[in-house]
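Content type JSON, C-alpha atoms, from the file target-v9.json:
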```
[["chain", "number", "residue", "atom", "x", "y", "z"],
["A", 1, "MET", "CA", 0.00, 0.00, 0.00],
["A", 2, "LYS", "CA", 2.89, 2.40, 0.64],
["A", 3, "PHE", "CA", 3.84, 2.06, -3.01],
["A", 4, "LEU", "CA", 0.39, 3.29, -4.05],
["A", 5, "ASN", "CA", 0.76, 6.33, -1.75],
["A", 6, "PHE", "CA", 3.95, 7.15, -3.66],
["A", 7, "LEU", "CA", 1.96, 7.36, -6.89],
["A", 8, "LYS", "CA", -0.55, 9.86, -5.49],
["A", 9, "PRO", "CA", 0.05, 13.38, -6.74],
["A", 10, "LYS", "CA", 1.41, 15.64, -4.05],
["A", 11, "PRO", "CA", -0.24, 18.98, -3.40],
["A", 12, "ALA", "CA", 1.36, 21.71, -5.46],
["A", 13, "GLN", "CA", 3.37, 24.05, -3.28],
["A", 14, "PRO", "CA", 6.65, 25.90, -3.52],
["A", 15, "THR", "CA", 9.87, 24.62, -1.99],
["A", 16, "ILE", "CA", 12.75, 26.77, -0.82],
["A", 17, "GLU", "CA", 16.37, 25.59, -0.85],
["A", 18, "SER", "CA", 18.46, 27.50, 1.70],
["A", 19, "TYR", "CA", 22.21, 28.23, 1.52],
["A", 20, "GLY", "CA", 24.58, 29.83, 4.02],
["A", 21, "GLN", "CA", 22.15, 29.88, 6.94],
["A", 22, "LEU", "CA", 24.65, 28.34, 9.38],
["A", 23, "ASN", "CA", 27.16, 31.15, 8.83],
["A", 24, "SER", "CA", 24.61, 33.96, 8.72],
["A", 25, "HIS", "CA", 24.36, 34.76, 12.45],
["A", 26, "VAL", "CA", 20.61, 35.28, 11.98],
["A", 27, "GLU", "CA", 18.51, 34.25, 14.97],
["A", 28, "PRO", "CA", 16.46, 31.09, 14.30],
["A", 29, "GLU", "CA", 13.19, 32.89, 15.12],
["A", 30, "GLN", "CA", 14.01, 35.65, 12.63],
["A", 31, "MET", "CA", 14.98, 33.08, 10.01],
["A", 32, "GLN", "CA", 11.74, 31.14, 10.58],
["A", 33, "SER", "CA", 9.68, 34.30, 10.25],
["A", 34, "LEU", "CA", 11.38, 35.26, 6.99],
["A", 35, "MET", "CA", 11.00, 31.76, 5.52],
["A", 36, "GLU", "CA", 7.29, 31.77, 6.39],
["A", 37, "TRP", "CA", 6.88, 35.18, 4.74],
["A", 38, "LEU", "CA", 8.74, 34.08, 1.62],
["A", 39, "PHE", "CA", 6.76, 30.83, 1.39],
["A", 40, "ALA", "CA", 3.46, 32.74, 1.77],
["A", 41, "SER", "CA", 4.60, 35.24, -0.88],
["A", 42, "LEU", "CA", 5.40, 32.46, -3.35],
["A", 43, "MET", "CA", 2.04, 30.80, -2.65],
["A", 44, "ALA", "CA", 0.20, 34.14, -3.12],
["A", 45, "ALA", "CA", 1.98, 34.60, -6.45],
["A", 46, "GLY", "CA", 0.82, 31.15, -7.55],
["A", 47, "TYR", "CA", 4.37, 29.80, -7.76],
["A", 48, "GLU", "CA", 4.54, 26.03, -7.23],
["A", 49, "GLY", "CA", 8.16, 25.21, -8.03],
["A", 50, "LYS", "CA", 11.54, 25.30, -6.39],
["A", 51, "SER", "CA", 13.19, 28.55, -5.27],
["A", 52, "HIS", "CA", 16.41, 29.39, -3.46],
["A", 53, "ILE", "CA", 17.44, 31.73, -0.65],
["A", 54, "ILE", "CA", 20.99, 32.74, 0.16],
["A", 55, "TRP", "CA", 21.87, 34.07, 3.60],
["A", 56, "TYR", "CA", 24.73, 36.45, 2.72],
["A", 57, "ASP", "CA", 26.90, 38.12, 5.34],
["A", 58, "SER", "CA", 29.26, 40.56, 3.63],
["A", 59, "ASP", "CA", 30.79, 41.43, 7.00],
["A", 60, "ALA", "CA", 31.99, 37.84, 7.53],
["A", 61, "CYS", "CA", 34.05, 37.52, 4.35],
["A", 62, "GLY", "CA", 37.23, 36.80, 6.27],
["A", 63, "GLY", "CA", 40.34, 38.02, 4.46],
["A", 64, "ARG", "CA", 38.52, 38.73, 1.19],
["A", 65, "LEU", "CA", 37.61, 42.23, 0.17],
["A", 66, "ARG", "CA", 34.19, 43.02, 1.65],
["A", 67, "HIS", "CA", 32.55, 43.63, -1.73],
["A", 68, "ARG", "CA", 33.70, 40.34, -3.26],
["A", 69, "PRO", "CA", 31.32, 37.40, -2.93],
["A", 70, "ASP", "CA", 32.22, 34.08, -1.39],
["A", 71, "PRO", "CA", 33.45, 31.98, -4.38],
["A", 72, "SER", "CA", 31.29, 28.98, -3.41],
["A", 73, "LEU", "CA", 28.25, 31.25, -3.07],
["A", 74, "GLU", "CA", 29.02, 32.84, -6.44],
["A", 75, "GLN", "CA", 29.21, 29.38, -8.07],
["A", 76, "LYS", "CA", 25.91, 28.35, -6.44],
["A", 77, "VAL", "CA", 24.15, 31.47, -7.78],
["A", 78, "LYS", "CA", 25.53, 30.88, -11.29],
["A", 79, "LYS", "CA", 24.35, 27.27, -11.23],
["A", 80, "VAL", "CA", 20.87, 28.13, -9.97],
["A", 81, "VAL", "CA", 20.50, 31.00, -12.49],
["A", 82, "ARG", "CA", 20.73, 28.45, -15.30],
["A", 83, "SER", "CA", 17.78, 26.56, -13.80],
["A", 84, "GLY", "CA", 15.50, 29.59, -14.19],
["A", 85, "GLU", "CA", 14.22, 29.19, -10.63],
["A", 86, "PRO", "CA", 13.70, 32.24, -8.39],
["A", 87, "ILE", "CA", 16.68, 33.27, -6.26],
["A", 88, "PHE", "CA", 16.42, 35.39, -3.15],
["A", 89, "LEU", "CA", 19.13, 36.85, -0.95],
["A", 90, "TYR", "CA", 18.88, 37.88, 2.68],
["A", 91, "ARG", "CA", 21.49, 40.54, 3.42],
["A", 92, "CYS", "CA", 22.92, 39.78, 6.85],
["A", 93, "GLY", "CA", 25.77, 42.29, 6.61],
["A", 94, "GLY", "CA", 26.14, 45.73, 5.09],
["A", 95, "ARG", "CA", 26.15, 44.78, 1.40],
["A", 96, "VAL", "CA", 24.61, 42.36, -1.08],
["A", 97, "SER", "CA", 26.80, 40.04, -3.12],
["A", 98, "LEU", "CA", 27.68, 40.98, -6.66],
["A", 99, "PRO", "CA", 25.06, 39.54, -9.04],
["A", 100, "PRO", "CA", 26.00, 37.50, -12.09],
["A", 101, "THR", "CA", 26.51, 39.47, -15.31],
["A", 102, "GLY", "CA", 23.17, 40.55, -16.78],
["A", 103, "TYR", "CA", 21.33, 40.42, -13.43],
["A", 104, "TYR", "CA", 20.71, 42.71, -10.47],
["A", 105, "TRP", "CA", 19.41, 42.34, -6.92],
["A", 106, "ARG", "CA", 16.00, 44.01, -6.52],
["A", 107, "MET", "CA", 15.13, 44.90, -2.94],
["A", 108, "MET", "CA", 11.81, 43.38, -1.95],
["A", 109, "ASP", "CA", 10.40, 46.36, -0.11],
["A", 110, "GLU", "CA", 7.30, 44.29, 0.68],
["A", 111, "HIS", "CA", 9.26, 42.80, 3.59],
["A", 112, "PRO", "CA", 9.70, 45.18, 6.55],
["A", 113, "SER", "CA", 13.38, 44.25, 7.13],
["A", 114, "MET", "CA", 14.48, 45.80, 3.81],
["A", 115, "ARG", "CA", 17.13, 43.06, 3.73],
["A", 116, "ILE", "CA", 15.60, 40.61, 1.27],
["A", 117, "TYR", "CA", 16.34, 40.82, -2.47],
["A", 118, "GLN", "CA", 15.28, 38.93, -5.57],
["A", 119, "LEU", "CA", 17.68, 38.24, -8.43],
["A", 120, "GLU", "CA", 16.25, 39.65, -11.64],
["A", 121, "VAL", "CA", 17.37, 40.00, -15.26],
["A", 122, "LYS", "CA", 18.47, 43.48, -16.32],
["A", 123, "ASP", "CA", 16.21, 45.07, -18.92],
["A", 124, "GLY", "CA", 17.36, 44.46, -22.47],
["A", 125, "GLU", "CA", 19.53, 41.45, -21.59]]
```

As structure tokens - that is how I would like this structure written.
Amino acid sequence: MKFLNFLKPKPAQPTIESYGQLNSHVEPEQMQSLMEWLFASLMAAGYEGKSHIIWYDSDACGGRLRHRPDPSLEQKVKKVVRSGEPIFLYRCGGRVSLPPTGYYWRMMDEHPSMRIYQLEVKDGE
């Protein structure tokens, strides 16, 4: 019978892959609240696929220049961009990471923190 349950269609709902949360220094309650808001926003928009959120702390870049992104984070963004799935960034530090060429980070002013951004394609590209 468990096999038949596997064949049942699952309810359509968005999923959110999260990256960098362990190094973000964001309180778990704050993180939970933001994830709930983002999930509700995706549901309200009718989005039923996979999306991604990056917890980016520009102030914790170690010896790297503060404006340069973490190389592993940069590679993750480039890989996810090719999938065409929505990418969000939560700015934990003072700056956002550099976006891939042809993209920009749009602040989602719908969220009261003014720290969440969505990666979007530049006009004309």

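The coordinates place atom CA of Pro71 of chain A at 27.3 Å from atom CA of Phe39 of chain A.
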
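Taking all atoms listed in the file, the non-local environment of Glu85 of chain A within 12 Å (same-chain residues fewer than 5 positions away omitted) comprises Pro14, Thr15, Ile16, Glu17, Leu42, Tyr47, Glu48, Gly49, Lys50, Ser51, His52, Ile53, Val77, Lys78, Lys79, Val80, Gln118, Leu119 and Glu120 of chain A.
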
Worksheet entry | A:Ser97, A:Leu89, A:Tyr104, A:Ser83 ranked by distance to Asp123 of chain A, top pick (using only C-alpha atoms) | A:Tyr104

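Between atom CA of Cys92 of chain A and atom CA of Asp59 of chain A the interatomic distance comes to 8.0 Å.
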
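We find atom CA of Ser18 of chain A and atom CA of Trp55 of chain A to be spaced 7.6 Å apart.
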